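Let me begin by presenting the structure, written as structure tokens, before commenting on it.
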Amino acid sequence: MMCAVLGIKVEVTKNPPPYIRILAMNSKGMKLLKSAHEKTELPVITKPASVNKLSGSALKMFQLEAAATDFYVLAYPKEEERSGGQEWRQSPIVVRE
């Protein structure tokens, strides 16, 4: 149902991801992240502001991801958590060990 609402076609799911998005990390992940920028050609998104550097299909994919999250949060039990634009504001969670 979400794919229909968002207009996601099966072709989109067959393409490799146009960027790497960091959602959470611990201290080991932070160290790996430093070297990841040197070892991948894909943009690494660590903060919502990094999205401004994306272009073309990568930017469209992030916008689709943001729209999917906006649609998904409508079902949250707590009304105060049902706010749109979370993908544009949420930075990665840092897990303390």
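Starting from 1 in every chain, residues are counted up; chains themselves are A, B, ... following the order of the structure tokens, and ligands are numbered from 1 as listed.
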Self-check item: Residues near segment 78-83 of chain A, cut-off 12 Å, only C-alpha atoms, skip fewer than 6 positions along chain, as an MDAnalysis selection string
Solution: chainID A and resid 66:67 69:72 89
Quiz prompt | Residue neighbourhood Ala49 of chain A, 9 Å, only C-alpha atoms, exclusion window fewer than 4 positions, as number ranges by chain | solution = A: 45, 53, 88-89
Write a file of the just-selected residues containing N, CA and C atoms, as a PDB file, in the first residue's frame.
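New file result.pdb:
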```pdb
ATOM      1  N   ILE A  45      25.751   9.860   4.091  1.00  0.00           N
ATOM      2  CA  ILE A  45      24.896  10.839   4.751  1.00  0.00           C
ATOM      3  C   ILE A  45      24.958  10.604   6.255  1.00  0.00           C
ATOM      4  N   LYS A  53      23.936  18.157  -0.559  1.00  0.00           N
ATOM      5  CA  LYS A  53      25.023  17.854  -1.495  1.00  0.00           C
ATOM      6  C   LYS A  53      24.625  16.799  -2.526  1.00  0.00           C
ATOM      7  N   TRP A  88      14.411  15.043   7.692  1.00  0.00           N
ATOM      8  CA  TRP A  88      15.162  16.274   7.447  1.00  0.00           C
ATOM      9  C   TRP A  88      15.747  16.850   8.729  1.00  0.00           C
ATOM     10  N   ARG A  89      15.357  16.282   9.890  1.00  0.00           N
ATOM     11  CA  ARG A  89      15.827  16.810  11.176  1.00  0.00           C
ATOM     12  C   ARG A  89      16.624  15.814  12.008  1.00  0.00           C
TER      13      ARG A  89
END
```
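Shell of segment 8-17 of chain A at 12 Å, with only C-alpha atoms counted and residues fewer than 4 places along the chain excluded, is Met1, Met2, Cys3, Ala4, Arg21, Glu41, Leu42, Pro43, Val44, Ser57, Ala58, Leu59, Lys60, Met61, Phe62, Leu64, Glu65, Ala67 and Ala68 of chain A.
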Go ahead and save the picked residues with N, CA and C atoms, as a compact mmCIF listing (two decimals), in the first residue's frame.
```txt
# COMPACT_ATOMS: atom_id res chain seq x y z
N MET A 1 0.82 -1.17 0.00
CA MET A 1 0.00 0.00 0.00
C MET A 1 0.87 1.26 0.00
N MET A 2 1.95 1.23 0.80
CA MET A 2 2.84 2.39 0.84
C MET A 2 3.44 2.67 -0.53
N CYS A 3 3.86 1.63 -1.23
CA CYS A 3 4.44 1.82 -2.56
C CYS A 3 3.43 2.47 -3.50
N ALA A 4 2.19 2.04 -3.42
CA ALA A 4 1.16 2.62 -4.28
C ALA A 4 0.94 4.09 -3.96
N ARG A 21 23.36 5.82 4.17
CA ARG A 21 22.79 6.65 5.24
C ARG A 21 23.11 6.03 6.58
N GLU A 41 32.54 5.21 -3.26
CA GLU A 41 32.23 6.29 -4.20
C GLU A 41 30.86 6.89 -3.91
N LEU A 42 30.07 6.19 -3.11
CA LEU A 42 28.74 6.68 -2.77
C LEU A 42 28.83 7.77 -1.71
N PRO A 43 27.95 8.76 -1.78
CA PRO A 43 27.91 9.76 -0.72
C PRO A 43 27.49 9.12 0.60
N VAL A 44 28.10 9.53 1.68
CA VAL A 44 27.76 9.02 3.01
C VAL A 44 27.00 10.13 3.74
N SER A 57 19.32 11.27 -8.98
CA SER A 57 18.57 10.14 -8.42
C SER A 57 18.77 10.00 -6.91
N ALA A 58 19.93 10.40 -6.41
CA ALA A 58 20.18 10.30 -4.97
C ALA A 58 19.26 11.24 -4.20
N LEU A 59 19.11 12.45 -4.68
CA LEU A 59 18.22 13.41 -4.02
C LEU A 59 16.76 12.95 -4.11
N LYS A 60 16.37 12.44 -5.26
CA LYS A 60 15.00 11.94 -5.42
C LYS A 60 14.74 10.77 -4.48
N MET A 61 15.73 9.90 -4.30
CA MET A 61 15.57 8.76 -3.41
C MET A 61 15.42 9.22 -1.96
N PHE A 62 16.20 10.22 -1.56
CA PHE A 62 16.07 10.72 -0.19
C PHE A 62 14.70 11.36 0.01
N LEU A 64 12.00 10.55 -1.47
CA LEU A 64 11.06 9.43 -1.39
C LEU A 64 11.13 8.79 0.00
N GLU A 65 12.34 8.63 0.50
CA GLU A 65 12.53 8.08 1.85
C GLU A 65 11.85 8.97 2.90
N ALA A 67 9.33 11.02 2.40
CA ALA A 67 7.88 10.91 2.22
C ALA A 67 7.35 9.61 2.85
N ALA A 68 8.11 8.53 2.70
CA ALA A 68 7.71 7.24 3.29
C ALA A 68 7.68 7.35 4.81
```
Practice problem: Check the DSSP output for the backbone and give back, as a list in words, the residues of segment 7-62 of chain A in strand (DSSP E). | Solution: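 Filtering segment 7-62 of chain A down to strand (DSSP E) leaves Ile20, Arg21, Ala24, Met25, Val44 and Ile45 of chain A.
Proximity to Arg96 of chain A at 10 Å, evaluated using only C-alpha atoms and with sequence-adjacent residues fewer than 3 positions away removed, yields Met25, Asn26, Ser27 and Ile93 of chain A.
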Generate a file of the selected residues that holds N, CA and C atoms, formatted as a PDB file, in the first residue's frame.
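New file part19.pdb:
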```
ATOM      1  N   MET A  25      25.285   4.665  15.441  1.00  0.00           N
ATOM      2  CA  MET A  25      26.665   4.163  15.529  1.00  0.00           C
ATOM      3  C   MET A  25      27.126   4.183  16.976  1.00  0.00           C
ATOM      4  N   ASN A  26      28.129   3.365  17.229  1.00  0.00           N
ATOM      5  CA  ASN A  26      28.807   3.393  18.517  1.00  0.00           C
ATOM      6  C   ASN A  26      30.237   3.885  18.266  1.00  0.00           C
ATOM      7  N   SER A  27      31.096   3.791  19.263  1.00  0.00           N
ATOM      8  CA  SER A  27      32.457   4.320  19.093  1.00  0.00           C
ATOM      9  C   SER A  27      33.227   3.580  17.993  1.00  0.00           C
ATOM     10  N   ILE A  93      21.830   8.367  15.707  1.00  0.00           N
ATOM     11  CA  ILE A  93      21.849   8.114  17.141  1.00  0.00           C
ATOM     12  C   ILE A  93      23.220   7.579  17.499  1.00  0.00           C
TER      13      ILE A  93
END
```
Self-check item: Spatial neighbours of Lys47 of chain A, max dist 8 Å, only C-alpha atoms, sep filter under 5 positions, as number ranges by chain
Solution: A: 90-92
For the residues in the current selection, export N, CA and C atoms as a CSV table (one decimal), in the first residue's frame.
```csv
chain,number,residue,atom,x,y,z
A,90,GLN,N,16.5,14.5,11.8
A,90,GLN,CA,17.0,13.5,12.6
A,90,GLN,C,18.5,13.2,12.3
A,91,SER,N,19.4,13.4,13.2
A,91,SER,CA,20.8,13.0,13.0
A,91,SER,C,21.0,11.6,13.5
A,92,PRO,N,22.1,10.9,13.2
A,92,PRO,CA,22.3,9.5,13.7
A,92,PRO,C,22.3,9.5,15.2
```
Exercise. Write down as a ChimeraX atom specification the residues of segment 2-91 of chain A whose backbone DSSP state falls under helix (DSSP H, G or I).
Key: /A:2-6,10-14,27-39,48-53,56-73,79-81,86-88
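With only C-alpha atoms as the basis for measurement, A:Val94 is the residue among A:Val5, A:Val94, A:Lys39, A:Leu54 that approaches Ile22 of chain A most closely.
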